[in-house]
Structure formats: C-alpha cells, structure tokens
Number of protein chains: 2
Amino acid sequence: MIVGLIQMACQRDPQHNMDHAVSMVETAARQGAHLICLPELFRSRYFCQSENPAWFDLAESLPGPSTNVFGEIAKRYRVAIVVPIFERRAPGLYHNTVAVLNESGAIAGVYRKMHIPDDPGYYEKFYFTPGDLGFQAVETQQAMVGPLICWDQWFPEAARLTALQGADILVYPTAIGWHPSEKSQERARQREAWMTVQRAHAIANGVFVAAVNRVGVETLDDDQSSSLEFWGSSFVCDPFGQMLGQCSDEKTETLLVDLDLRRIEIVRRHWPFMRDRRIDAYDGLTRRWLDHRSSH
Amino acid sequence: MIVGLIQMACQRDPQHNMDHAVSMVETAARQGAHLICLPELFRSRYFCQSENPAWFDLAESLPGPSTNVFGEIAKRYRVAIVVPIFERRAPGLYHNTVAVLNESGAIAGVYRKMHIPDDPGYYEKFYFTPGDLGFQAVETQQAMVGPLICWDQWFPEAARLTALQGADILVYPTAIGWHPSEKSQERARQREAWMTVQRAHAIANGVFVAAVNRVGVETLDDDQSSSLEFWGSSFVCDPFGQMLGQCSDEKTETLLVDLDLRRIEIVRRHWPFMRDRRIDAYDGLTRRWLDHRSSH
C-alpha cells in the first residue's frame, strides 16, 4: 500500500488552500497513492493562535463542502483520503475532526480530536469541544486506518486504543511549530521528542505511523505580536519505529511511501506485546492521578 | 540527585557476581551516587535461555541474602539501591523481583515483574510467576523511584501507571541482547527500538528514565547451541527524552548522571499531558482486543 502525505503551507484564503490541497491530492492519487492524508485544519491558517469568536466562521458541516469535494476525488481515483475538518456540529458546538473517506468516496469513519491542547499560541480549548466518539479504526480497501489528531500524539493511550481496534496505520494530521523566541537547540529537542513519541507508538503497538504537519510561518492579523513557524517534518515509520520517509521542515511536499502491511504480523510475532499486556492490572489508567498511599 | 547505573557482565558463580556488584556499588556510592541501580538477575548468568528446573536453586528469599548485603551498604553510605532478586516466595512459586532499599538500608518497596516475556532464548514464563503487586513508586530520600523490569519497557501502560503514582524516575533493570544469528543491521534496529520506546516513556510522562542492562556473551552449559550477547547500552534520559549519558555495548561500566529533578515540573508545565488525559474514554485499555464492530 502506498501512503501519500500532503505537507503544505496554509494561506489566509480558505478557497486557495482548498484548491491547493485538491491539486496535491490529485497528483498523489495519479502517482499511485492508496491512502492520502492532509494536515490538520488545512483549510485555514492556524487560527488558534488567538481566541477570537470570528474564527468560528471558518467551520463547516459534516458532511459538507470538504467531504463533498474530496469524496468526488476519492471515488474518481479509487483512493482513501483522511480529511481534517473544522466541524460545526451545532451553534456553539465545534470539533476538530477528521473524516476518513473510502475508495467509494463515502465517509467510512469520523474521528473527533479527543485530547485538546491549550497553551500559549495553541488556544484550542476555546474552539474545540473534546471528541465524544472515542478512538477508532476505519476500514478502507487497503488497510484499517486509525485517525488521530496532533495533541493525541503525546498520549500512548490514544495510540493503544486505536491499535486495539485493528488499525494498521495511525495517521496524525498535525499543526505543530516553534515560537519565534525558541532557540535552535530547543527547537531540535522539541521536534526530536515529537518524532520519538510517535515512533514509540509504532513500536509499542506494532503498527505503521504517519504524521502530516503543515509548514510556514503564520502571523494572525489580529495579533501581530504572535506567530508560529510550523516545522513540517511529516514522516512515515514502520512497526519497528524505523523512518521510511520524512519531509523537510519548511517546504511544501508530497511524500509517497510504499508500506508492506505484512510487516505488522511479522514484527508482532517476534515482539508479542499484545499477548502479554496485564489487563488485570490496568484499572488505574482511568484515574487522573494515583495518590501515594491512598491508591491501593 | 546523582544516579549510578552498574552495567556488568555476569559469570557462572553467583558469589563472584555478588562480590563484583558489591564492589561496583560501593565505588559508585563513594563517588557520590544517591540512587544506584543493578541489572536484572545480576547474581547469575541469564539462565532463562533454557528451561531447566535446576536453575530454581538460584532463587533466594526476600528479605534474604541480597537485601541483607545491600541493606548494609545502603545504610553505611546513605544511598538508595535498586536490587534485582530472583525471588523464591514459596516452593514452586518464584518471581522476577526488585527490592528498593532506602538510605536507612530498609526495604522501602518491592516490585514483582508484571510483564513476563517468552520467546526463543528468553523462556521467562517457565520461571517467573507474573507479579501481583501492581505498579509502584517508592519513596526514597532524594526521589520517588519507579521500579520496573526489562520486558515492562515495551508497555506504555506500565510506565504510565508508575508515573501516576508520582515516580520521578523509572528504573528498568534489564537483561536484553542479541542472538548470534542476528545481522548487524537487525541488531541496530532492535537496540534503537529499545531506546526509543523508553525515551518515549520519559516524554509521555514527564519523568526521567534509567535502563540498566548487562553485557557479555553468555552460553549455558546445558545448551551449547544457544547463546546471547547482551547489548549493554545502559542509559539515563531526561523528561524530554534527551540522553544524559549512555554506556558502551560491551564493557563493564558505572555510569553516574546528575539529575535536576526540578526539570519534571518545568517540562510538565510546558507540555501538560497529565492535565488532558481522557480518563473518561480509556476503559478499553483493560480489554485484550477491541474487536471491530462488536466493541461499541
């Protein structure tokens, strides 16, 4: 199976971004991709740099414009597509969502971002209600696709619960970058941690992992003091955590990687972690904190 | 806090190994270590290469000889020590165990290996009953110590449950190596995966991680056809997953690393994963597998 990652820069005009994404997805499909993944919230700049109710205007319904456009492409090229959507579910109720379109162009699965960040420059708790659909693996013709989104990357629980549903590949549409004030050593450390934690999900679960980030420096009109430099570096790794391909940290790129899904069975036979999980002893994972002494 | 890792080769004679370990631990203590960690089952060669009931003779009681010897050292040097023990709990009931001795020489905590491997050359399910004490963080004067053992390394659940109890550092006494038949590329991949998955535990949980492995080639007398080459590479990494120090893959070494435990608070403030865990949605982690369609 060939997976195609669309690493792109996002401009002010949503229509421009949509046209650009369509063009890149069509090209990847023509080049033979079976599963194509777009970056998180690709239709707009990363508006969560500030809290501004006007940005809710960017949201769309599901099904809606994005699933219509990419549904047509999925059907025409017989390709599965992971389409991030700023979802307007009801007035005042919005989610950071991914629709997985299958090769017939149908919405085969919907995932709403479960872990919502909130720190300087990433004010997502203002915009996005935490997901209420749980973790999922979505059946497509070529593979079981496990959609997750950005901040989910840091939570081993999300990867595990998606893998336990039979996902062959975890796909993380992402918008992560550096603050301008951060020094190069700090930047390298952050990017390295970001890759390491996701490679570990591949290893611990015996699955492929794909991360799809945007690139470019974005400054919001309403807050010139703040900007983010998205670090790209989109990648695919195998169930051993080995890098199969990685994009640059600043260029618009399409990364096509050929995956041998039989590797999953082979790797898990040699490192049978699924066999040995101590499910009798994991109850504490549903607790916020296990306060010392009082927890037993 | 200075942590000291004792990377050693293990010989046939348990008394020789004990004397060697004592000497190395005393040296590390004199050099200023506050917490010293020995490798898994350091008193003997790695007997799990074959299934032989005679090897149960190597087991000892707890408290017992090892905790007595190292308890004296802990008290004399005012140092905490992580002491792996092949524990004989009752006739026919054995565990792969770690005793955490505090600076008074007392047994401050006991951890019994929860995840037991079993694959060619590592027939541990024959010898060790899976642990029944759950995951723990043990209070010592300098730090909360989270004892885990070898195969536990591959399970994010073990790291998380230990961190949720307030562990500042996860300590993994280990016995992991290569089969002679494995090629160098495969060896590099395995060792890299081993490091990556543990560095990710540090990142995902905002804790320090220490892994303490043995070195050397060991061939069991009763099965000359089989041998293992233990890959050493003992290391300490910080809550960002950055390597603070690492041993070679073949030499007996003591690694001393100075940890600034205040880093934990700093890193977690910037990447507040503990805040955002979706404990309402993690029930499935106590299931073996989430069979598609039937799981909701």
# chains A, B, ... in the order shown; residues from 1 in each chain; ligands from 1
call {"tool": "residues_around", "arguments": {"residues": "B:Met243", "least_positions_apart": "4", "cutoff": "12 Å", "atoms": "only C-alpha atoms", "output": "list of chain:residue names"}}
result
A:Arg189, A:Glu192, A:Ala193, B:Met195, B:Thr196, B:Gln198, B:Arg199, B:Ala200, B:Ala202, B:Ile203, B:Phe208, B:Val209, B:Ala210, B:Ala211, B:Ser233, B:Ser234, B:Phe235, B:Val236, B:Cys237, B:Asp238, B:Pro239, B:Cys247, B:Val257, B:Leu259
call {"tool": "write_last_selection", "arguments": {"atoms": "N, CA, C and O atoms", "output": "tab-separated table (two decimals), in the first residue's frame"}}
result
chain	number	residue	atom	x	y	z
A	189	ARG	N	15.22	19.84	20.11
A	189	ARG	CA	14.75	18.96	21.17
A	189	ARG	C	13.26	18.68	21.05
A	189	ARG	O	12.79	17.56	21.25
A	192	GLU	N	12.54	16.47	18.01
A	192	GLU	CA	13.03	15.13	18.30
A	192	GLU	C	12.06	14.39	19.24
A	192	GLU	O	11.75	13.21	19.02
A	193	ALA	N	11.57	15.08	20.26
A	193	ALA	CA	10.62	14.45	21.18
A	193	ALA	C	9.33	14.08	20.45
A	193	ALA	O	8.75	13.01	20.67
B	195	MET	N	15.69	1.75	22.85
B	195	MET	CA	15.94	3.09	23.39
B	195	MET	C	14.75	4.01	23.12
B	195	MET	O	14.33	4.78	23.99
B	196	THR	N	14.22	3.93	21.92
B	196	THR	CA	13.14	4.84	21.52
B	196	THR	C	11.91	4.67	22.39
B	196	THR	O	11.32	5.66	22.85
B	198	GLN	N	11.65	3.60	25.38
B	198	GLN	CA	11.86	4.08	26.75
B	198	GLN	C	11.99	5.60	26.80
B	198	GLN	O	11.51	6.24	27.74
B	199	ARG	N	12.65	6.18	25.81
B	199	ARG	CA	12.71	7.64	25.76
B	199	ARG	C	11.30	8.21	25.66
B	199	ARG	O	10.99	9.26	26.22
B	200	ALA	N	10.44	7.50	24.94
B	200	ALA	CA	9.06	7.97	24.80
B	200	ALA	C	8.31	7.90	26.13
B	200	ALA	O	7.45	8.73	26.40
B	202	ALA	N	9.63	8.56	28.95
B	202	ALA	CA	10.08	9.78	29.62
B	202	ALA	C	9.28	10.98	29.11
B	202	ALA	O	8.78	11.78	29.90
B	203	ILE	N	9.13	11.07	27.81
B	203	ILE	CA	8.42	12.20	27.20
B	203	ILE	C	6.95	12.20	27.57
B	203	ILE	O	6.40	13.22	28.01
B	208	PHE	N	12.19	11.16	34.40
B	208	PHE	CA	13.48	10.62	34.00
B	208	PHE	C	13.34	9.10	33.81
B	208	PHE	O	12.48	8.47	34.44
B	209	VAL	N	14.17	8.54	32.94
B	209	VAL	CA	14.17	7.09	32.74
B	209	VAL	C	15.61	6.60	32.79
B	209	VAL	O	16.52	7.21	32.20
B	210	ALA	N	15.82	5.48	33.51
B	210	ALA	CA	17.13	4.83	33.55
B	210	ALA	C	16.95	3.36	33.19
B	210	ALA	O	16.08	2.68	33.74
B	211	ALA	N	17.77	2.87	32.27
B	211	ALA	CA	17.78	1.46	31.91
B	211	ALA	C	19.16	0.90	32.23
B	211	ALA	O	20.17	1.52	31.91
B	233	SER	N	24.57	-0.77	26.79
B	233	SER	CA	23.92	0.47	26.33
B	233	SER	C	23.03	1.10	27.41
B	233	SER	O	22.09	1.84	27.09
B	234	SER	N	23.31	0.76	28.64
B	234	SER	CA	22.56	1.34	29.76
B	234	SER	C	22.57	2.87	29.63
B	234	SER	O	23.57	3.45	29.23
B	235	PHE	N	21.44	3.48	29.96
B	235	PHE	CA	21.36	4.93	29.75
B	235	PHE	C	20.43	5.61	30.74
B	235	PHE	O	19.62	4.97	31.41
B	236	VAL	N	20.57	6.93	30.79
B	236	VAL	CA	19.63	7.77	31.52
B	236	VAL	C	19.17	8.87	30.58
B	236	VAL	O	19.98	9.47	29.86
B	237	CYS	N	17.86	9.12	30.53
B	237	CYS	CA	17.36	10.25	29.73
B	237	CYS	C	16.47	11.14	30.58
B	237	CYS	O	15.96	10.73	31.62
B	238	ASP	N	16.30	12.37	30.11
B	238	ASP	CA	15.53	13.36	30.88
B	238	ASP	C	14.06	13.35	30.44
B	238	ASP	O	13.69	12.58	29.55
B	239	PRO	N	13.21	14.18	31.08
B	239	PRO	CA	11.78	14.15	30.76
B	239	PRO	C	11.44	14.60	29.33
B	239	PRO	O	10.28	14.55	28.93
B	247	CYS	N	26.14	4.04	28.34
B	247	CYS	CA	27.29	3.13	28.38
B	247	CYS	C	27.53	2.54	27.00
B	247	CYS	O	26.69	2.61	26.10
B	257	VAL	N	25.15	9.93	36.59
B	257	VAL	CA	24.50	11.08	35.93
B	257	VAL	C	23.82	11.94	36.98
B	257	VAL	O	23.11	11.44	37.85
B	259	LEU	N	21.05	14.40	37.97
B	259	LEU	CA	19.71	14.77	37.51
B	259	LEU	C	19.20	15.99	38.27
B	259	LEU	O	19.32	16.06	39.50
call {"tool": "interface_residues", "arguments": {"of": "chain B", "to": "chain A", "cutoff": "8 Å", "atoms": "only C-alpha atoms", "output": "number ranges by chain"}}
result
B: 114-117, 119, 134, 137, 154-157, 160-161, 164-166, 189-190, 193, 196-197, 199-201, 203-204, 240-242, 270, 273-274, 276-292
call {"tool": "closest_residue", "arguments": {"among": "B:Met144, B:Cys48, B:Pro91, B:Ala99", "to": "B:Asn68", "atoms": "only C-alpha atoms"}}
result
B:Ala99
call {"tool": "select_by_dssp", "arguments": {"residues": "stretch 32-145 of chain B", "states": "alpha helix (DSSP H)", "output": "list in words"}}
result
Pro65, Ser66, Thr67, Asn68, Val69, Phe70, Gly71, Glu72, Ile73, Ala74, Lys75, Arg76, Tyr77, Glu124, Lys125, Phe126 and Tyr127 of chain B
call {"tool": "closest_residue", "arguments": {"among": "A:Arg78, A:Lys125, A:His95, A:Arg187", "to": "A:Ala33", "atoms": "only C-alpha atoms"}}
result
A:Arg78
call {"tool": "select_by_dssp", "arguments": {"residues": "stretch 45-285 of chain A", "states": "strand (DSSP E)", "output": "PyMOL selection string"}}
result
chain A and resi 80-90+93-101+107-112+138-139+144-147+169-173+177-178+208-212+215-219+227-231+235-237+243-246+253-258
call {"tool": "atom_distance", "arguments": {"atom1": "atom CA of B:Glu87", "atom2": "atom CA of B:Glu60"}}
result
5.3 Å
call {"tool": "residues_around", "arguments": {"residues": "stretch 10-18 of chain B", "least_positions_apart": "4", "cutoff": "6 Å", "atoms": "only C-alpha atoms", "output": "ChimeraX atom specification"}}
result
/B:43-45
call {"tool": "write_last_selection", "arguments": {"atoms": "N, CA, C and O atoms", "output": "tab-separated table (two decimals), in the first residue's frame"}}
result
chain	number	residue	atom	x	y	z
B	43	ARG	N	22.84	-11.69	39.85
B	43	ARG	CA	23.59	-12.69	40.63
B	43	ARG	C	23.96	-13.93	39.83
B	43	ARG	O	24.74	-14.77	40.29
B	44	SER	N	23.37	-14.08	38.64
B	44	SER	CA	23.64	-15.29	37.86
B	44	SER	C	23.71	-14.94	36.39
B	44	SER	O	23.35	-13.84	35.96
B	45	ARG	N	24.20	-15.90	35.62
B	45	ARG	CA	24.03	-15.76	34.19
B	45	ARG	C	22.53	-15.76	33.90
B	45	ARG	O	21.71	-16.14	34.74
call {"tool": "residues_around", "arguments": {"residues": "B:Thr67", "least_positions_apart": "5", "cutoff": "8 Å", "atoms": "only C-alpha atoms", "output": "PyMOL selection string"}}
result
chain B and resi 62+83+99+101+107
call {"tool": "residues_around", "arguments": {"residues": "B:Tyr172", "least_positions_apart": "2", "cutoff": "7 Å", "atoms": "only C-alpha atoms", "output": "list in words"}}
result
Pro147, Leu148, Ile149, Cys150, Leu170, Thr174, Ala210, Ala211 and Val212 of chain B
call {"tool": "atom_distance", "arguments": {"atom1": "atom CA of B:Leu93", "atom2": "atom CA of B:Asp57"}}
result
12.2 Å
call {"tool": "residues_around", "arguments": {"residues": "B:Ala74", "least_positions_apart": "5", "cutoff": "9 Å", "atoms": "only C-alpha atoms", "output": "list in words"}}
result
Ala29, Val69, Val79, Ala80, Ile81, Leu101, Asn102, Glu103, Ser104, Gly105 and Ala106 of chain B
call {"tool": "write_last_selection", "arguments": {"atoms": "C-alpha atoms", "output": "compact mmCIF listing (two decimals), in the first residue's frame"}}
result
# COMPACT_ATOMS: atom_id res chain seq x y z
CA ALA B 29 28.42 5.33 46.43
CA VAL B 69 24.20 -7.38 51.85
CA VAL B 79 22.35 5.64 49.40
CA ALA B 80 19.22 4.13 47.86
CA ILE B 81 19.77 0.93 45.89
CA LEU B 101 16.34 -0.14 49.54
CA ASN B 102 16.24 3.30 51.08
CA GLU B 103 19.06 5.25 52.68
CA SER B 104 18.47 3.53 56.02
CA GLY B 105 19.02 0.16 54.42
CA ALA B 106 15.36 -0.78 54.81
